[in-house]
Every structure is written in structure tokens, then in C-alpha cells.
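The data block below is target39.txt; it holds compact mmCIF, C-alpha atoms.
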```txt
# COMPACT_ATOMS: atom_id res chain seq x y z
CA MET A 163 98.73 143.09 126.19
CA LEU A 164 101.92 141.69 124.66
CA THR A 165 104.62 140.17 126.85
CA TYR A 166 107.87 138.72 125.50
CA VAL A 167 108.85 135.45 127.18
CA HIS A 168 112.16 133.59 126.77
CA ASP A 169 111.93 131.14 129.68
CA LEU A 170 109.63 128.14 129.34
CA SER A 171 109.54 127.72 133.11
CA ASP A 172 107.54 130.95 133.34
CA PRO A 173 104.35 129.94 135.22
CA ARG A 174 102.30 132.21 132.97
CA LEU A 175 102.75 129.57 130.25
CA ASP A 176 101.23 126.79 132.32
CA ASP A 177 98.13 126.59 130.12
CA PHE A 178 100.35 125.54 127.21
CA PHE A 179 103.34 123.68 128.59
CA ARG A 180 103.17 119.86 128.23
CA LEU A 181 99.53 119.70 129.27
CA THR A 182 97.54 116.85 127.75
CA ASP A 183 94.00 117.49 126.57
CA VAL A 184 92.70 115.49 129.52
CA ALA A 185 94.67 117.67 131.94
CA LEU A 186 93.31 120.78 130.28
CA ARG A 187 89.73 119.56 130.68
CA LYS A 188 90.32 119.11 134.43
CA LYS A 189 92.30 122.30 135.02
CA LEU A 190 91.16 123.49 138.42
CA GLU A 191 91.53 127.22 137.87
CA THR A 192 88.53 127.28 135.55
CA GLU A 193 84.97 126.13 136.08
CA ARG A 194 84.78 123.72 133.14
CA GLY A 195 88.40 123.36 132.09
CA LEU A 196 90.24 124.60 129.02
CA TYR A 197 90.94 123.60 125.47
CA LEU A 198 93.60 124.79 123.03
CA ALA A 199 92.79 126.44 119.69
CA GLU A 200 95.64 126.48 117.17
CA GLY A 201 95.90 128.93 114.26
CA ASP A 202 94.29 132.24 113.43
CA LYS A 203 91.32 130.76 111.54
CA VAL A 204 90.42 128.40 114.37
CA ILE A 205 90.89 131.06 117.05
CA ARG A 206 88.75 133.56 115.14
CA ARG A 207 85.95 131.01 114.72
CA ALA A 208 86.09 130.09 118.41
CA ILE A 209 85.80 133.71 119.53
CA ALA A 210 83.09 134.42 116.94
CA ALA A 211 81.13 131.51 118.43
CA GLY A 212 81.23 133.24 121.82
CA HIS A 213 84.06 131.26 123.42
CA THR A 214 86.27 133.24 125.80
CA PRO A 215 90.06 133.25 125.36
CA ARG A 216 92.17 133.03 128.50
CA ALA A 217 95.69 133.52 127.08
CA ALA A 218 97.59 133.21 123.81
CA VAL A 219 101.09 132.37 122.66
CA LEU A 220 102.31 133.97 119.41
CA ALA A 221 105.38 133.63 117.25
CA GLN A 222 106.96 137.00 116.46
CA ARG A 223 106.09 136.80 112.76
CA TRP A 224 102.38 136.63 113.61
CA VAL A 225 102.22 139.51 116.06
CA ASP A 226 101.17 142.17 113.54
CA SER A 227 98.28 140.16 112.11
CA LEU A 228 96.95 138.58 115.30
CA ALA A 229 97.79 140.65 118.34
CA ASP A 230 95.00 143.19 117.86
CA PHE A 231 92.41 140.44 117.40
CA PHE A 232 92.32 139.39 121.06
CA PRO A 233 90.43 141.38 123.70
CA GLN A 234 92.73 143.77 125.57
CA ASP A 235 92.46 141.87 128.86
CA VAL A 236 93.78 138.62 127.34
CA ALA A 237 97.43 137.91 128.08
CA GLN A 238 99.48 137.42 124.90
CA PHE A 239 102.94 135.92 125.16
CA VAL A 240 105.43 136.26 122.30
CA VAL A 241 107.79 133.29 122.27
CA PRO A 242 110.76 132.62 119.93
CA GLU A 243 109.90 130.08 117.22
CA GLU A 244 112.38 127.47 118.46
CA LEU A 245 110.89 127.64 121.96
CA LEU A 246 107.36 127.53 120.61
CA THR A 247 107.98 124.06 119.21
CA GLU A 248 109.47 122.94 122.53
CA LEU A 249 106.58 124.48 124.40
CA THR A 250 103.85 122.69 122.46
CA GLY A 251 105.69 119.50 121.60
CA PHE A 252 105.05 119.85 117.86
CA GLN A 253 105.88 122.16 114.97
CA VAL A 254 103.44 125.07 114.94
CA HIS A 255 102.72 126.25 111.41
CA ARG A 256 99.80 128.54 112.11
CA GLY A 257 101.56 131.02 114.33
CA ALA A 258 99.38 131.12 117.42
CA ILE A 259 97.81 128.98 120.12
CA ALA A 260 95.13 130.24 122.47
CA SER A 261 93.87 128.65 125.65
CA MET A 262 90.10 128.96 125.71
CA ASN A 263 87.59 128.52 128.51
CA ARG A 264 85.21 125.68 127.82
CA PRO A 265 81.60 126.82 127.46
CA ALA A 266 78.74 125.20 129.37
CA LEU A 267 76.88 122.54 127.38
CA PRO A 268 73.07 122.71 127.45
CA GLY A 269 70.88 119.69 128.05
CA LEU A 270 69.15 118.02 125.12
CA ALA A 271 65.73 119.61 125.61
CA GLU A 272 67.18 123.11 125.82
CA PHE A 273 69.52 122.43 122.89
CA LEU A 274 66.68 121.32 120.61
CA ALA A 275 64.37 124.12 121.76
CA ARG A 276 66.95 126.68 120.62
CA ARG A 277 66.83 125.22 117.10
CA PRO A 278 63.17 124.80 116.14
CA ASP A 279 64.00 124.95 112.41
CA ALA A 280 66.69 122.26 112.49
CA ARG A 281 66.02 119.31 110.18
CA ARG A 282 69.21 117.27 110.18
CA ILE A 283 71.33 116.15 113.15
CA PHE A 284 74.29 113.80 113.49
CA ILE A 285 74.54 111.65 116.62
CA LEU A 286 78.03 110.25 117.29
CA GLU A 287 77.92 107.12 119.43
CA ASP A 288 81.15 106.43 121.31
CA LEU A 289 83.58 107.40 118.53
CA VAL A 290 87.13 107.12 119.85
CA ASN A 291 89.10 108.65 116.99
CA HIS A 292 89.42 112.43 117.29
CA THR A 293 90.33 112.75 113.62
CA ASN A 294 87.02 111.14 112.66
CA VAL A 295 85.11 113.44 115.01
CA GLY A 296 86.73 116.51 113.47
CA ALA A 297 86.12 115.25 109.92
CA ILE A 298 82.44 114.62 110.70
CA PHE A 299 82.01 118.17 111.97
CA ARG A 300 83.58 119.45 108.76
CA SER A 301 81.14 117.36 106.70
CA ALA A 302 78.25 118.60 108.85
CA ALA A 303 79.20 122.21 108.21
CA ALA A 304 79.75 121.70 104.50
CA LEU A 305 76.63 119.65 103.80
CA GLY A 306 73.98 121.46 105.80
CA VAL A 307 73.68 119.36 108.97
CA ASP A 308 72.21 121.64 111.62
CA ALA A 309 73.73 120.18 114.79
CA VAL A 310 75.71 117.33 116.31
CA LEU A 311 75.02 115.31 119.45
CA VAL A 312 77.79 113.24 121.03
CA THR A 313 77.24 110.45 123.56
CA ASP A 314 78.91 110.35 126.96
CA HIS A 315 81.81 108.15 125.81
CA CYS A 316 82.42 109.87 122.49
CA ALA A 317 85.74 111.58 121.85
CA ASP A 318 85.84 115.26 122.74
CA PRO A 319 85.10 117.63 119.81
CA LEU A 320 87.30 120.25 121.52
CA TYR A 321 90.32 117.96 121.65
CA ARG A 322 93.14 119.70 119.76
CA ARG A 323 93.19 117.15 116.92
CA SER A 324 89.41 117.31 116.46
CA VAL A 325 89.45 121.10 116.28
CA LYS A 326 92.33 121.11 113.80
CA VAL A 327 90.87 118.47 111.46
CA SER A 328 87.47 120.18 111.54
CA MET A 329 89.09 123.44 110.35
CA GLY A 330 87.35 125.13 113.28
CA THR A 331 83.84 124.00 112.29
CA VAL A 332 83.39 122.51 115.79
CA PHE A 333 82.66 126.15 116.68
CA GLN A 334 80.37 126.66 113.70
CA VAL A 335 78.12 123.61 114.07
CA PRO A 336 76.17 123.61 117.36
CA TRP A 337 76.74 120.53 119.53
CA THR A 338 76.16 119.12 122.96
CA ARG A 339 76.37 115.81 124.80
CA ILE A 340 73.34 113.54 124.95
CA THR A 341 73.11 111.55 128.18
CA ASP A 342 71.36 108.31 129.15
CA TRP A 343 71.99 106.94 125.68
CA PRO A 344 70.29 105.10 123.98
CA ARG A 345 67.21 105.51 126.17
CA SER A 346 67.34 109.23 125.39
CA ILE A 347 66.31 108.38 121.82
CA GLY A 348 62.82 108.67 123.31
CA GLU A 349 63.42 112.39 123.92
CA LEU A 350 64.23 112.85 120.26
CA THR A 351 61.11 110.94 119.24
CA ASP A 352 58.96 113.07 121.56
CA ALA A 353 60.48 116.18 119.95
CA GLY A 354 59.45 115.01 116.49
CA TRP A 355 62.73 113.50 115.27
CA VAL A 356 63.00 110.36 113.17
CA THR A 357 66.10 108.38 114.18
CA ALA A 358 68.05 106.54 111.48
CA SER A 359 71.05 104.38 112.36
CA LEU A 360 73.72 103.92 109.70
CA ALA A 361 74.62 100.24 110.06
CA LEU A 362 74.88 96.85 108.41
CA SER A 363 71.76 94.88 109.29
CA HIS A 364 69.50 92.27 107.69
CA ASN A 365 66.49 94.57 108.16
CA ALA A 366 68.15 97.74 106.85
CA VAL A 367 66.79 99.84 104.02
CA THR A 368 69.19 101.42 101.57
CA LEU A 369 70.13 105.05 101.96
CA GLU A 370 68.51 105.80 98.61
CA GLU A 371 65.24 104.19 99.70
CA PHE A 372 65.22 106.04 103.00
CA ALA A 373 66.03 109.37 101.35
CA ALA A 374 63.00 108.94 99.08
CA SER A 375 60.64 108.00 101.93
CA GLU A 376 58.13 110.19 103.70
CA ALA A 377 60.09 109.78 106.93
CA ALA A 378 63.08 111.60 105.45
CA SER A 379 61.00 114.65 104.58
CA GLY A 380 60.88 115.71 108.22
CA LYS A 381 63.45 115.95 111.00
CA VAL A 382 66.06 113.21 110.79
CA ALA A 383 68.73 112.34 113.35
CA MET A 384 71.45 110.21 111.72
CA ILE A 385 73.23 107.93 114.20
CA LEU A 386 76.86 106.99 113.50
CA GLY A 387 78.63 104.26 115.46
CA THR A 388 82.07 103.64 116.84
CA GLU A 389 84.84 102.73 114.44
CA GLY A 390 85.39 99.18 115.65
CA ASP A 391 82.14 97.56 116.75
CA GLY A 392 79.63 99.88 115.10
CA LEU A 393 76.38 100.79 116.79
CA ALA A 394 75.24 99.04 119.97
CA HIS A 395 72.43 96.50 119.65
CA ALA A 396 70.34 98.58 122.07
CA THR A 397 70.70 101.59 119.80
CA LEU A 398 69.52 99.63 116.77
CA ALA A 399 66.58 98.34 118.81
CA HIS A 400 65.52 101.83 119.92
CA CYS A 401 65.84 103.71 116.63
CA ASP A 402 63.15 104.07 113.96
CA TYR A 403 65.16 102.93 110.94
CA VAL A 404 68.37 101.12 110.13
CA VAL A 405 69.91 102.48 106.96
CA THR A 406 72.77 101.05 104.93
CA ILE A 407 74.93 102.30 102.07
CA PRO A 408 75.23 99.54 99.45
CA MET A 409 78.86 98.58 98.81
CA SER A 410 80.71 97.03 95.90
CA GLY A 411 84.27 95.96 95.14
CA GLY A 412 84.37 93.56 98.06
CA VAL A 413 84.20 96.43 100.59
CA ASP A 414 81.68 95.95 103.41
CA SER A 415 81.60 99.48 104.82
CA LEU A 416 83.05 102.99 104.72
CA ASN A 417 85.03 104.86 107.34
CA VAL A 418 82.57 106.57 109.70
CA ALA A 419 83.62 110.06 108.56
CA ALA A 420 83.07 109.11 104.91
CA THR A 421 79.72 107.57 105.84
CA SER A 422 78.66 110.83 107.48
CA ALA A 423 79.41 112.81 104.32
CA VAL A 424 77.54 110.40 102.04
CA ALA A 425 74.53 110.29 104.36
CA ALA A 426 74.41 114.06 104.79
CA TRP A 427 74.52 114.58 101.03
CA ALA A 428 71.82 112.00 100.34
CA LEU A 429 69.54 113.34 103.09
CA ARG A 430 70.10 117.05 102.53
CA PRO A 431 66.76 118.91 102.81
CA HIS A 432 65.22 119.98 99.51
```

Would you mind giving the structure from this file in C-alpha cells?
Amino acid sequence: MLTYVHDLSDPRLDDFFRLTDVALRKKLETERGLYLAEGDKVIRRAIAAGHTPRAAVLAQRWVDSLADFFPQDVAQFVVPEELLTELTGFQVHRGAIASMNRPALPGLAEFLARRPDARRIFILEDLVNHTNVGAIFRSAAALGVDAVLVTDHCADPLYRRSVKVSMGTVFQVPWTRITDWPRSIGELTDAGWVTASLALSHNAVTLEEFAASEAASGKVAMILGTEGDGLAHATLAHCDYVVTIPMSGGVDSLNVAATSAVAAWALRPH
């Protein structure tokens, strides 16, 4: 149902008005909090993935193409373009923002059991940059990675910046949080996964060597570390392999998002 709104103090816009992503996650009116999806492509992918919209704000010029897409019981507020920028705090180029209810995240055992044919997984350990998280999801979708696991302290894949940079692939690539990390590496091992940490280490094998090994022919979980300090020593101690990408030109390492793309390409199942 369309409603035209010209007053930003209207309480029906509370989901959108000056709320940080942290505040959205803790919003008390919903069981697990909210996140914001910006743009028709992202919103469509979120709904196609089974996420439930709560409300939407549209610019007038996007009403004809987007209004009929939402379920009839979802409130849709049409706001003048100049107020839309004030409402969100940034210039909106994609015409619509929807507040979405966060889905429940399954535990690791249930998550893996749902995907018995999966062969490649990314594990993101404590990444703090939401742009990197979104870029890694985009690489995962493009290069055939079946799922992503994020540790407890990793940046939120449903943060607005992550969703935007991923081009909505955070809804396409299945993901959940892995707890008790890195001890939970044992759960992956018990489920038949080989764990390979991407890191600089004296005992590392090259990515090319690992890709050609028997270990890489099965299920491989590729572990990517935080942008500053890299992977924790405990993680390196628990995993099966440490893998490195040889560098030249005086460069010691790649950005973590670039590393994910190179590793996914090299380890793509044949």
C-alpha cells in the first residue's frame, strides 16, 4: 500500500531515520533486528532469498517499477527526493530502501548438513572492513564458492555497506556465524573439511602447490584473516594447511578481498 509522506518526523519512518546499523540490529520491535537493503536489485535478491520486508521508502520516479514488487501488506512510503537524502543521510541513486527483518542464522552443524554437495567455503576471521566483507561475498558468488562462515567478531554481512558492495550477493551465497572459533575448526574436520589458512608463514605451501594436491580435490574451507594482524596464531595452529600466494614487486601481500578472489579461482572445483 502506497502512502505519500512529506514530514520526516512521521513515526512510520522510524526504521529509516538516522538509525545506525548497530541500532537497527538491536531494534526492539523485531525478534532479531533489522537491516536496510538499498536499490531494486538488492531488494529483489533479498526477497528472493526468503527475507521478509517490513517497510519501504520510494522516490516518486521509482513507484511504477517497484511498488508492485512488494507484498501487499508491506507499507510503502513515497518521499520527495530532497527529503529522501535528508532521511537517509546520503544521496540515494537506486530509488528505494527497504527495512528487512533479519533471518535466524543456523548453527554450523545444521548449516553444513543442508549443503552436502558443497566443496568450497570461505571463513572470514574477524574482518573489520565492511567493504572487504561485501567484496568477498561478490567473489564467492562469481567464482563458485558454496558458502561463507563468519566468526563472532567479523563485520556484519548485512551492514548496509557490505550489502551494497556485494551487489546483493550476501543474499545469494549462504552464510552463518561460526562460534567458539578457532576450536570449532574441529567441527569442520569431523564433517570432512580440509582447512587451509591464507597467510604468510615459514611453513606455508604455495597456492599452486596446494591446488595441485590431493587435499584440494575434496572439501576445502579457505580461512581469511583480519586486515591488520592477519590470522590468529591459534587459527594457524588448528588448521590443516597454511597457504601463501607468492608475491613480487616488493609487495608482501594482497588485500584480503583480492586474496579471496585469487584463492577461489585457483581452488575452483574441476

- prompt: So which residues touch Ala419 in chain A within 7 Å, counting all atoms listed in the file, skipping near sequence neighbours fewer than 5 positions away, as a PyMOL selection string?
  reply: chain A and resi 294+297-298

query: Skipping near chain neighbours, those fewer than 4 positions away, what residues fall within 8 Å of range 267-283 of chain A using only C-alpha atoms, listed as number ranges by chain?
result: A: 306-311, 338-340, 349, 380-384, 430-431

task: Please identify all polymer residues within 9 Å of Ile385 in chain A, counting only C-alpha atoms, omitting same-chain residues fewer than 4 positions from it, and present them as a ChimeraX atom specification.
output: /A:283-287,357-361,393,397,401

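Each of A:His395, A:Arg264, A:His168, A:Arg300 was checked against Tyr197 in chain A using all atoms listed in the file; the smallest atom-to-atom distance is that of A:Arg264.
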
field: Distance query Trp427 in chain A at most 12 Å, all atoms listed in the file, self and fewer than 3 positions along chain excluded, as a ChimeraX atom specification
entry: /A:282,301-307,369-370,373,384,420-424,430-432

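Going from CA of Val335 in chain A to CA of Phe299 in chain A covers 7.0 Å.
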
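Among the candidates A:Thr293, A:Thr388, A:Ser375, A:Ser410, the residue lying nearest to Arg322 in chain A is A:Thr293 (atoms considered: all atoms listed in the file).
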